[in-house]
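Listing of run31.txt, compact mmCIF, C-alpha atoms and all ligand atoms
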# COMPACT_ATOMS: atom_id res chain seq x y z
CA MET A 1 15.62 -5.37 -18.71
CA SER A 2 18.61 -4.64 -16.47
CA GLY A 3 19.19 -1.18 -15.02
CA VAL A 4 15.56 -0.08 -15.42
CA SER A 5 14.60 3.54 -14.80
CA GLY A 6 10.81 3.13 -14.86
CA VAL A 7 8.55 0.20 -13.93
CA ALA A 8 4.77 -0.33 -13.95
CA ILE A 9 3.43 -2.65 -11.28
CA VAL A 10 -0.02 -4.19 -11.63
CA GLY A 11 -1.49 -4.87 -8.19
CA GLY A 12 -1.25 -2.73 -5.07
CA GLY A 13 -1.50 -5.59 -2.59
CA ILE A 14 1.24 -6.48 -0.12
CA ILE A 15 3.48 -8.04 -2.80
CA GLY A 16 3.20 -5.30 -5.46
CA LEU A 17 3.66 -2.54 -2.89
CA SER A 18 6.67 -4.18 -1.25
CA ILE A 19 8.39 -4.53 -4.63
CA ALA A 20 7.48 -0.94 -5.52
CA TRP A 21 8.93 0.35 -2.29
CA ARG A 22 12.23 -1.50 -2.81
CA LEU A 23 12.51 -0.09 -6.33
CA VAL A 24 11.63 3.47 -5.29
CA ARG A 25 14.37 3.34 -2.68
CA GLU A 26 16.79 2.45 -5.48
CA GLY A 27 15.71 5.54 -7.42
CA VAL A 28 13.41 3.79 -9.91
CA ASP A 29 10.31 5.66 -11.13
CA VAL A 30 7.47 3.29 -10.17
CA THR A 31 3.76 3.49 -10.93
CA VAL A 32 1.46 1.02 -9.15
CA TYR A 33 -1.93 0.29 -10.74
CA ASP A 34 -4.58 -1.07 -8.39
CA ASP A 35 -8.25 -1.66 -9.08
CA GLY A 36 -9.34 -0.90 -5.50
CA VAL A 37 -10.80 -4.35 -4.84
CA ASP A 38 -9.49 -5.52 -1.46
CA GLY A 39 -6.98 -8.27 -2.03
CA ALA A 40 -6.10 -11.19 0.20
CA TRP A 41 -3.93 -8.84 2.32
CA HIS A 42 -7.09 -7.19 3.68
CA VAL A 43 -8.28 -10.47 5.19
CA ALA A 44 -4.97 -12.12 6.11
CA ALA A 45 -4.17 -12.67 9.78
CA GLY A 46 -0.50 -11.82 9.29
CA MET A 47 1.03 -14.90 10.87
CA LEU A 48 4.70 -15.15 9.95
CA ALA A 49 5.07 -18.91 10.18
CA PRO A 50 8.06 -20.19 8.21
CA GLY A 51 7.84 -23.69 9.71
CA GLY A 52 4.09 -23.99 9.52
CA GLU A 53 3.79 -26.58 6.82
CA SER A 54 7.39 -27.45 6.10
CA ALA A 55 6.60 -31.17 6.02
CA PHE A 56 4.64 -30.57 2.83
CA GLU A 57 6.83 -28.01 1.11
CA THR A 58 9.88 -28.31 -1.12
CA PRO A 59 13.29 -27.44 0.37
CA ALA A 60 13.43 -24.46 -2.02
CA LEU A 61 10.17 -23.05 -0.64
CA VAL A 62 11.22 -23.70 2.97
CA GLY A 63 14.44 -21.78 2.22
CA LEU A 64 12.46 -18.87 0.82
CA LEU A 65 10.08 -18.79 3.82
CA GLU A 66 12.95 -18.89 6.29
CA ARG A 67 14.88 -16.17 4.47
CA SER A 68 11.84 -13.90 4.47
CA ALA A 69 11.23 -14.51 8.18
CA GLU A 70 14.80 -13.33 8.81
CA LEU A 71 14.15 -10.19 6.76
CA TRP A 72 10.91 -9.19 8.53
CA PRO A 73 12.40 -7.34 11.54
CA GLY A 74 14.45 -5.07 9.27
CA PHE A 75 11.60 -4.64 6.80
CA ALA A 76 9.18 -3.61 9.57
CA ALA A 77 11.71 -1.18 11.03
CA GLU A 78 12.38 0.40 7.62
CA LEU A 79 8.67 1.09 7.15
CA GLY A 80 9.00 3.67 9.91
CA ALA A 81 5.45 3.09 11.19
CA ASP A 82 3.85 0.79 13.75
CA VAL A 83 2.83 -2.20 11.62
CA GLY A 84 2.17 -4.49 14.57
CA TYR A 85 5.30 -6.60 14.07
CA ASP A 86 5.44 -8.77 17.20
CA GLU A 87 7.93 -11.41 18.32
CA THR A 88 6.06 -12.79 21.35
CA GLY A 89 5.70 -16.08 19.50
CA THR A 90 3.06 -18.65 18.73
CA LEU A 91 1.59 -21.22 21.08
CA SER A 92 0.69 -24.38 19.23
CA LEU A 93 -2.10 -26.07 21.21
CA ALA A 94 -4.03 -29.33 21.26
CA MET A 95 -7.31 -30.06 23.01
CA THR A 96 -8.19 -33.78 22.88
CA ALA A 97 -5.95 -36.87 23.04
CA ASP A 98 -6.32 -37.23 19.25
CA ASP A 99 -5.41 -33.56 18.78
CA VAL A 100 -2.30 -34.07 20.94
CA ALA A 101 -1.23 -37.12 18.89
CA GLU A 102 -1.59 -35.11 15.66
CA ALA A 103 0.15 -31.99 17.01
CA SER A 104 2.99 -33.99 18.59
CA ARG A 105 4.20 -35.03 15.15
CA VAL A 106 4.60 -31.35 14.22
CA TRP A 107 6.23 -30.44 17.55
CA ASP A 108 8.72 -33.31 17.16
CA ARG A 109 9.56 -32.32 13.58
CA ARG A 110 10.14 -28.72 14.68
CA LYS A 111 12.02 -29.83 17.82
CA LEU A 112 9.68 -27.87 20.11
CA THR A 113 9.47 -28.64 23.81
CA ARG A 114 6.08 -29.96 24.86
CA LEU A 115 4.50 -27.88 27.64
CA ARG A 116 2.09 -29.13 30.32
CA PRO A 117 -1.28 -27.41 30.90
CA SER A 118 0.04 -25.63 34.01
CA GLU A 119 3.02 -24.28 32.02
CA LEU A 120 0.68 -23.14 29.25
CA ARG A 121 -1.53 -21.27 31.69
CA GLU A 122 1.53 -19.52 33.12
CA LEU A 123 2.05 -18.15 29.61
CA GLU A 124 -1.65 -17.48 28.90
CA SER A 125 -3.89 -17.40 31.96
CA SER A 126 -7.15 -17.24 29.95
CA LEU A 127 -6.72 -20.59 28.22
CA SER A 128 -9.47 -23.15 28.73
CA PRO A 129 -8.68 -25.91 31.27
CA ARG A 130 -9.55 -28.35 28.45
CA VAL A 131 -6.28 -27.56 26.61
CA ARG A 132 -4.14 -30.66 27.16
CA ALA A 133 -0.78 -29.78 25.72
CA GLY A 134 1.10 -27.26 23.69
CA ALA A 135 4.45 -25.90 22.57
CA LEU A 136 5.89 -22.42 22.22
CA ASP A 137 7.42 -21.51 18.87
CA LEU A 138 9.40 -18.27 19.10
CA GLN A 139 10.22 -18.37 15.38
CA GLU A 140 6.55 -17.85 14.51
CA ARG A 141 5.63 -14.18 14.76
CA GLN A 142 2.98 -11.79 13.50
CA VAL A 143 2.40 -8.47 11.76
CA ASP A 144 -0.78 -6.59 10.86
CA PRO A 145 -1.09 -6.73 7.03
CA ARG A 146 -3.58 -3.84 6.91
CA ARG A 147 -1.09 -1.60 8.69
CA VAL A 148 1.73 -2.75 6.40
CA VAL A 149 -0.31 -1.94 3.28
CA ALA A 150 -1.38 1.44 4.71
CA ALA A 151 2.26 2.32 5.51
CA LEU A 152 3.40 1.33 2.02
CA ARG A 153 0.52 3.08 0.24
CA ALA A 154 1.35 6.30 2.10
CA ARG A 155 4.84 6.20 0.56
CA LEU A 156 3.97 5.28 -3.05
CA ARG A 157 2.17 6.57 -6.13
CA ILE A 158 -0.91 4.43 -6.76
CA VAL A 159 -3.07 4.89 -9.84
CA PRO A 160 -6.62 3.63 -9.16
CA ARG A 161 -7.14 1.66 -12.36
CA ARG A 162 -7.92 -1.87 -13.40
CA ILE A 163 -5.52 -3.19 -16.03
CA THR A 164 -7.27 -5.62 -18.36
CA ASP A 165 -4.43 -6.19 -20.82
CA LEU A 166 -0.69 -5.72 -20.33
CA SER A 167 -0.49 -3.99 -23.73
CA GLU A 168 -2.10 -0.96 -21.98
CA LEU A 169 1.28 -0.37 -20.32
CA ASP A 170 4.63 0.68 -21.78
CA GLY A 171 8.04 -0.58 -20.70
CA PRO A 172 8.89 -3.12 -18.01
CA VAL A 173 5.94 -4.52 -16.08
CA VAL A 174 5.67 -6.48 -12.84
CA VAL A 175 2.42 -8.45 -12.50
CA ALA A 176 1.69 -8.76 -8.78
CA ALA A 177 -2.08 -8.96 -9.02
CA GLY A 178 -2.74 -11.89 -6.67
CA CYS A 179 -5.66 -13.91 -8.04
CA GLY A 180 -5.99 -11.32 -10.86
CA THR A 181 -2.69 -12.59 -12.29
CA ALA A 182 -4.37 -15.47 -14.12
CA ALA A 183 -6.50 -13.19 -16.32
CA LEU A 184 -3.49 -11.00 -17.21
CA THR A 185 -0.94 -13.72 -17.94
CA GLY A 186 -2.77 -17.01 -18.49
CA LEU A 187 -0.79 -18.50 -15.60
CA PRO A 188 -2.60 -21.01 -13.35
CA VAL A 189 -3.35 -18.91 -10.25
CA ARG A 190 -6.53 -20.14 -8.58
CA PRO A 191 -8.51 -18.52 -5.74
CA VAL A 192 -8.57 -20.47 -2.46
CA LYS A 193 -11.33 -18.99 -0.31
CA GLY A 194 -10.72 -18.14 3.34
CA GLN A 195 -13.25 -16.84 5.84
CA VAL A 196 -11.90 -14.85 8.79
CA LEU A 197 -13.52 -13.16 11.80
CA ARG A 198 -12.37 -10.11 13.70
CA LEU A 199 -13.45 -9.74 17.33
CA HIS A 200 -12.91 -6.74 19.58
CA GLY A 201 -12.56 -6.53 23.35
CA GLU A 202 -10.36 -5.34 26.18
CA PRO A 203 -6.69 -5.47 25.11
CA GLY A 204 -4.50 -7.89 27.03
CA LEU A 205 -6.61 -11.06 27.10
CA LEU A 206 -3.91 -12.82 25.11
CA ARG A 207 -0.22 -12.18 24.33
CA HIS A 208 0.72 -15.02 21.98
CA VAL A 209 -0.70 -16.09 18.65
CA LEU A 210 -2.58 -19.36 19.20
CA ASP A 211 -2.47 -22.02 16.51
CA ALA A 212 -4.64 -24.88 17.69
CA THR A 213 -6.31 -28.16 16.89
CA VAL A 214 -9.66 -28.29 18.68
CA ASP A 215 -11.58 -31.55 18.31
CA GLY A 216 -9.83 -32.16 14.99
CA ARG A 217 -10.44 -28.63 13.66
CA GLU A 218 -7.64 -26.18 12.90
CA VAL A 219 -8.10 -22.65 14.20
CA TYR A 220 -5.81 -19.72 14.86
CA VAL A 221 -6.36 -16.77 17.16
CA VAL A 222 -4.20 -13.70 16.59
CA PRO A 223 -4.28 -10.90 19.20
CA ARG A 224 -3.43 -7.30 18.32
CA ALA A 225 -2.30 -4.68 20.80
CA ASP A 226 -5.51 -2.63 20.37
CA GLY A 227 -7.86 -5.45 21.46
CA GLU A 228 -8.59 -6.82 18.00
CA VAL A 229 -8.50 -10.62 17.84
CA VAL A 230 -8.39 -12.30 14.43
CA VAL A 231 -9.91 -15.79 14.20
CA GLY A 232 -9.34 -17.90 11.10
CA ALA A 233 -9.59 -19.43 8.71
CA THR A 234 -11.45 -21.69 6.35
CA GLN A 235 -9.68 -23.13 3.32
CA GLU A 236 -12.15 -23.76 0.49
CA GLU A 237 -11.69 -24.36 -3.23
CA ARG A 238 -14.39 -21.79 -4.05
CA THR A 239 -14.52 -18.45 -5.84
CA ASP A 240 -17.56 -16.86 -4.13
CA ARG A 241 -17.42 -14.19 -1.42
CA LEU A 242 -20.17 -15.54 0.84
CA VAL A 243 -19.69 -15.51 4.59
CA THR A 244 -21.42 -18.72 5.63
CA ALA A 245 -23.22 -19.49 8.89
CA GLY A 246 -21.36 -22.78 9.18
CA ALA A 247 -17.92 -21.21 8.91
CA VAL A 248 -18.72 -18.47 11.44
CA HIS A 249 -20.15 -21.10 13.79
CA ASP A 250 -17.17 -23.45 13.50
CA LEU A 251 -14.55 -20.72 13.88
CA LEU A 252 -16.28 -19.14 16.88
CA ARG A 253 -16.90 -22.47 18.57
CA ALA A 254 -13.26 -23.51 18.27
CA ALA A 255 -11.96 -20.09 19.38
CA ILE A 256 -14.31 -19.90 22.38
CA ASP A 257 -13.50 -23.49 23.33
CA LEU A 258 -9.86 -22.38 23.53
CA LEU A 259 -10.47 -19.04 25.21
CA PRO A 260 -13.89 -18.90 26.89
CA ALA A 261 -13.57 -15.14 27.59
CA LEU A 262 -13.83 -14.48 23.83
CA ALA A 263 -17.58 -15.12 24.15
CA GLU A 264 -17.89 -11.61 25.60
CA PHE A 265 -16.00 -9.94 22.73
CA GLU A 266 -17.80 -8.02 19.98
CA LEU A 267 -18.01 -9.84 16.63
CA ALA A 268 -16.76 -6.83 14.69
CA GLU A 269 -16.11 -8.15 11.19
CA THR A 270 -16.69 -11.20 9.04
CA THR A 271 -14.56 -11.24 5.89
CA VAL A 272 -13.72 -13.39 2.90
CA GLY A 273 -10.52 -13.37 0.87
CA HIS A 274 -8.95 -15.57 -1.77
CA ARG A 275 -5.42 -16.89 -1.42
CA PRO A 276 -3.64 -16.93 -4.78
CA GLY A 277 -2.86 -20.64 -5.12
CA THR A 278 -0.81 -22.44 -7.77
CA PRO A 279 -0.80 -26.09 -8.88
CA ASP A 280 2.32 -26.85 -6.79
CA ASN A 281 1.49 -24.33 -4.02
CA ALA A 282 4.74 -22.47 -4.66
CA PRO A 283 4.88 -18.85 -5.82
CA LEU A 284 5.51 -17.63 -9.36
CA LEU A 285 8.60 -15.43 -9.22
CA GLY A 286 10.65 -14.31 -12.20
CA ARG A 287 10.61 -13.37 -15.82
CA LEU A 288 7.69 -14.42 -18.00
CA ASP A 289 9.22 -12.79 -21.10
CA ASP A 290 11.60 -9.95 -21.94
CA ARG A 291 9.20 -7.29 -20.68
CA VAL A 292 7.10 -8.96 -17.98
CA VAL A 293 8.16 -10.15 -14.52
CA VAL A 294 5.63 -12.06 -12.38
CA ALA A 295 5.42 -12.03 -8.56
CA ALA A 296 2.26 -13.90 -7.63
CA GLY A 297 0.81 -17.16 -6.34
CA HIS A 298 2.00 -16.71 -2.74
CA HIS A 299 -0.97 -18.73 -1.51
CA ARG A 300 -1.02 -18.96 2.34
CA ASN A 301 2.28 -17.14 2.90
CA GLY A 302 2.17 -13.87 0.97
CA VAL A 303 2.54 -11.69 4.04
CA LEU A 304 5.52 -13.70 5.26
CA LEU A 305 7.06 -13.74 1.77
CA ALA A 306 6.70 -10.00 1.03
CA PRO A 307 10.23 -8.89 2.08
CA VAL A 308 12.10 -11.64 0.23
CA THR A 309 9.91 -11.25 -2.85
CA ALA A 310 10.58 -7.51 -2.87
CA ASP A 311 14.35 -8.01 -2.60
CA LEU A 312 14.59 -10.74 -5.24
CA VAL A 313 12.31 -9.09 -7.80
CA ALA A 314 13.93 -5.68 -7.34
CA ARG A 315 17.38 -7.23 -7.80
CA LEU A 316 16.21 -9.04 -10.94
CA LEU A 317 14.96 -5.77 -12.41
CA LEU A 318 17.95 -3.69 -11.34
CA THR A 319 20.76 -6.07 -12.30
CA GLY A 320 19.13 -8.44 -14.77
CA GLU A 321 20.40 -11.33 -12.68
CA ALA A 322 18.26 -13.96 -11.00
CA ASP A 323 19.29 -14.83 -7.43
CA PRO A 324 19.76 -18.59 -6.89
CA LEU A 325 16.88 -18.42 -4.37
CA LEU A 326 14.56 -17.86 -7.35
CA ALA A 327 15.44 -21.21 -8.88
CA GLY A 328 12.39 -23.43 -8.93
CA PHE A 329 9.87 -20.58 -8.86
CA SER A 330 9.99 -19.49 -12.50
CA PRO A 331 6.50 -18.67 -13.83
CA ARG A 332 7.60 -20.37 -17.06
CA ARG A 333 7.36 -23.78 -15.36
CA PHE A 334 3.65 -23.70 -16.23
CA ARG A 335 4.07 -22.61 -19.83
C1 LIG B 401 -8.02 -15.97 4.89
C2 LIG B 401 -6.60 -15.68 4.58
C3 LIG B 401 -5.65 -15.71 5.60
C4 LIG B 401 -4.31 -15.48 5.31
N1 LIG B 401 -3.40 -15.46 6.32
C5 LIG B 401 -2.09 -15.27 6.04
C6 LIG B 401 -1.14 -15.24 7.08
O1 LIG B 401 -1.50 -15.36 8.27
N2 LIG B 401 0.18 -15.09 6.76
C7 LIG B 401 0.59 -14.94 5.46
O2 LIG B 401 1.80 -14.82 5.22
N3 LIG B 401 -0.30 -14.92 4.44
C8 LIG B 401 -1.63 -15.10 4.70
N4 LIG B 401 -2.54 -15.10 3.69
C9 LIG B 401 -2.06 -15.05 2.31
C10 LIG B 401 -1.79 -13.63 1.84
O3 LIG B 401 -2.87 -12.78 2.18
C11 LIG B 401 -1.58 -13.61 0.32
O4 LIG B 401 -0.65 -14.59 -0.06
C12 LIG B 401 -1.09 -12.23 -0.10
O5 LIG B 401 -2.05 -11.25 0.24
C13 LIG B 401 -0.80 -12.18 -1.59
O6 LIG B 401 -0.41 -10.86 -1.87
P1 LIG B 401 -0.61 -10.22 -3.30
O7 LIG B 401 -0.21 -8.79 -3.20
O8 LIG B 401 0.04 -11.11 -4.31
O9 LIG B 401 -2.19 -10.37 -3.57
P2 LIG B 401 -3.37 -9.59 -2.92
O10 LIG B 401 -3.12 -9.33 -1.49
O11 LIG B 401 -4.61 -10.35 -3.27
O12 LIG B 401 -3.38 -8.18 -3.68
C14 LIG B 401 -3.55 -8.12 -5.09
C15 LIG B 401 -3.92 -6.69 -5.46
O13 LIG B 401 -3.96 -6.58 -6.88
C16 LIG B 401 -5.13 -5.88 -7.26
N5 LIG B 401 -5.48 -6.31 -8.64
C17 LIG B 401 -5.81 -7.56 -9.04
N6 LIG B 401 -6.03 -7.58 -10.37
C18 LIG B 401 -5.79 -6.32 -10.82
C19 LIG B 401 -5.83 -5.72 -12.12
N7 LIG B 401 -6.15 -6.43 -13.20
N8 LIG B 401 -5.55 -4.39 -12.24
C20 LIG B 401 -5.22 -3.66 -11.13
N9 LIG B 401 -5.18 -4.19 -9.87
C21 LIG B 401 -5.44 -5.51 -9.72
C22 LIG B 401 -6.15 -6.27 -6.20
O14 LIG B 401 -7.21 -5.33 -6.10
C23 LIG B 401 -5.29 -6.29 -4.95
O15 LIG B 401 -5.21 -5.00 -4.35
C24 LIG B 401 -3.90 -15.25 3.96
C25 LIG B 401 -4.86 -15.16 2.95
C26 LIG B 401 -6.19 -15.37 3.26
C27 LIG B 401 -7.22 -15.25 2.17
This entry written out as structure tokens:
Amino acid sequence: MSGVSGVAIVGGGIIGLSIAWRLVREGVDVTVYDDGVDGAWHVAAGMLAPGGESAFETPALVGLLERSAELWPGFAAELGADVGYDETGTLSLAMTADDVAEASRVWDRRKLTRLRPSELRELESSLSPRVRAGALDLQERQVDPRRVVAALRARLRIVPRRITDLSELDGPVVVAAGCGTAALTGLPVRPVKGQVLRLHGEPGLLRHVLDATVDGREVYVVPRADGEVVVGATQEERTDRLVTAGAVHDLLRAAIDLLPALAEFELAETTVGHRPGTPDNAPLLGRLDDRVVVAAGHHRNGVLLAPVTADLVARLLLTGEADPLLAGFSPRRFR
């Protein structure tokens, strides 16, 4: 499949579009097929957190996450639009003594300096006085996935069509259909439900992303420049799209406990998305057979992993050679 001139991509989410854009810039004729159902990108907060769970991930996946984090500044700049890429950093916070004990293990592993409450409030004056400790991670950044997808869609040819069988398409195909990848390929991509809230208020309440443990519950709060504040997220092994009272309650309670002023914000949106999970929580990247390449299963990190996925998959298609970074992510490991 090396030296391709035309490629069909199934899935116009953040992964399919990023690959398409890389290929178009190399002169490849690309058609993206998308069924118009909002993918996980529409819900995602857009935290770019390469170290987030590195205690639980393989060295190969950590390498991929870190490489993609390095690529994000250039990727955002090349898009030529304001996609909300922001390097202010993430404040990791803990509320109770138990929360501090739990969070300290992560701060130690990531070699972050522990900050006192007074130091935290110098960084974010609206934080609740109940926040006991925290640490600033400048490697953890954010971008607005909806803006990224809009910028990419404006530059690409998208055919609004659901593909039900890959035999509908001629020539080389990239399957980047998120949770839809399972039905097209038989690969084990499972939906992991996440509920997310979007609040709106005066811009400027918050500068950093907050990633907190509040009375044992994980919550993140992601501020955008226009006053939007994203609060997330549940992690549920469910396929439904219900917004539940319990999830909204828990997310709001934790967020308002952290930042009492959020109680005055408008609750503008409640959304549900499904992370494309795999049995080993690592993505599926590479050739499935002579014609089909898969780029799916990015689970909790698809926004972060978009630039590196685009580079590696485009290179595979253009040169026929698999970068060593792809080792360990072959979709054939589940065949
Ligand atoms: C609640 C939540 C929070 C998240 N937060 C973050 C975060 O902070 N940082 C981060 O890096 N990641 C985050 N993620 C993960 C990230 O959103 C996903 O990993 C990423 O969106 C996967 O991209 P994708 O393009 O593979 O799939 P998707 O974004 O799901 O897009 C797939 C696209 O393919 C289309 N499609 C599917 N099947 C077909 C078909 N048969 N024919 C045509 N089109 C089809 C869909 O309509 C969709 O447009 C989050 C996810 C969720 C749910």
**Q.** Atom pair atom CA of Asp311 of chain A / atom CA of Ser330 of chain A: separation (Å)
**A.**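 Interatomic distance, atom CA of Asp311 of chain A to atom CA of Ser330 of chain A: 15.8 Å.
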Report as CSV: every residue of chain A with an atom at most 6 Å from ligand LIG 401 (chain B), its closest pair of atoms, and their distance in Å to one decimal, counting all atoms listed in the file, with rows sorted by chain and ascending residue number.
residue,atom,partner,partner_atom,distance
A:Val10,CA,B:LIG401,C20,5.3
A:Gly11,CA,B:LIG401,O13,3.3
A:Gly12,CA,B:LIG401,O15,4.6
A:Gly13,CA,B:LIG401,O12,3.4
A:Ile14,CA,B:LIG401,O7,4.1
A:Ile15,CA,B:LIG401,O7,3.8
A:Gly16,CA,B:LIG401,O7,5.4
A:Tyr33,CA,B:LIG401,C20,5.2
A:Asp34,CA,B:LIG401,N9,3.5
A:Asp35,CA,B:LIG401,N9,4.1
A:Gly36,CA,B:LIG401,O14,5.0
A:Val37,CA,B:LIG401,O14,3.9
A:Asp38,CA,B:LIG401,O14,5.2
A:Gly39,CA,B:LIG401,O11,3.4
A:Ala40,CA,B:LIG401,O11,3.9
A:Trp41,CA,B:LIG401,O5,3.7
A:Val43,CA,B:LIG401,C2,5.5
A:Ala44,CA,B:LIG401,C4,3.5
A:Ala45,CA,B:LIG401,O1,4.1
A:Gly46,CA,B:LIG401,O1,3.8
A:Met47,CA,B:LIG401,O1,3.7
A:Leu48,CA,B:LIG401,N2,5.5
A:Arg161,CA,B:LIG401,C20,5.8
A:Arg162,CA,B:LIG401,N8,3.6
A:Ile163,CA,B:LIG401,N8,4.0
A:Thr164,CA,B:LIG401,N7,5.3
A:Ala176,CA,B:LIG401,O8,5.3
A:Ala177,CA,B:LIG401,O13,3.7
A:Gly178,CA,B:LIG401,O9,3.5
A:Gly180,CA,B:LIG401,N6,3.8
A:Gly194,CA,B:LIG401,C1,3.8
A:Gln195,CA,B:LIG401,C1,5.4
A:Val196,CA,B:LIG401,C1,5.6
A:Ala233,CA,B:LIG401,C1,5.4
A:Gly273,CA,B:LIG401,C27,4.0
A:His274,CA,B:LIG401,C27,4.3
A:Arg275,CA,B:LIG401,C27,4.3
A:Ala296,CA,B:LIG401,O8,4.9
A:His298,CA,B:LIG401,O4,4.3
A:His299,CA,B:LIG401,O4,4.4
A:Arg300,CA,B:LIG401,C9,4.0
A:Asn301,CA,B:LIG401,O2,3.3
A:Gly302,CA,B:LIG401,O4,3.1
A:Val303,CA,B:LIG401,O2,3.4
A:Leu304,CA,B:LIG401,O2,3.9
Q: Rank A:His208, A:Leu325, A:Arg217, A:Ala306 by their smallest atom-to-atom distance to Ser125 of chain A, using only C-alpha atoms, and report the top residue only.
A: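 Ranking A:His208, A:Leu325, A:Arg217, A:Ala306 by distance to Ser125 of chain A, first place goes to A:His208.
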Q) When distances are computed from only C-alpha atoms, which of A:Lys193, A:Arg241, A:Arg207, A:Arg155 shows the smallest separation from Arg25 of chain A? A)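 Of all the options, A:Arg155 lies closest to Arg25 of chain A.
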Q. Taking only C-alpha atoms into account, which of A:Asp98, A:Glu87, A:Glu78, A:Glu264 comes nearest Val148 of chain A?
A.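 Using only C-alpha atoms, the shortest distance to Val148 of chain A belongs to A:Glu78.
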Q: Please provide as a list in words all residues within 10 Å of Pro203 of chain A, with the sequence filter that same-chain residues fewer than 3 positions apart are discarded (counting only C-alpha atoms).
A: His200, Leu206, Arg207, Pro223, Arg224, Ala225, Asp226, Gly227, Glu228 and Val229 of chain A
Q: Record the distance separating atom CA of Pro172 of chain A and atom CA of Val292 of chain A, expressed in Å with one decimal.
A: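 So the answer is 6.1 Å.
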Q) Taking all atoms listed in the file into account, which of A:Gln235, A:Gln142, A:Thr278, A:Thr113 comes nearest Asp86 of chain A? A) A:Gln142
Per-residue nearest contacts segment 55-99 of chain A to segment 243-257 of chain A, cut-off 12 Å, using only C-alpha atoms, as a Markdown table:
| residue | atom | partner | partner_atom | distance |
| --- | --- | --- | --- | --- |
| A:Leu93 | CA | A:Ala255 | CA | 11.7 |
| A:Ala94 | CA | A:Ala254 | CA | 11.3 |
| A:Met95 | CA | A:Asp257 | CA | 9.0 |
| A:Thr96 | CA | A:Asp257 | CA | 11.6 |
Q. Separation of atom CA of Leu318 of chain A and atom CA of Leu17 of chain A, in Å?
A.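 If I compute the distance from atom CA of Leu318 of chain A to atom CA of Leu17 of chain A, I get 16.6 Å.
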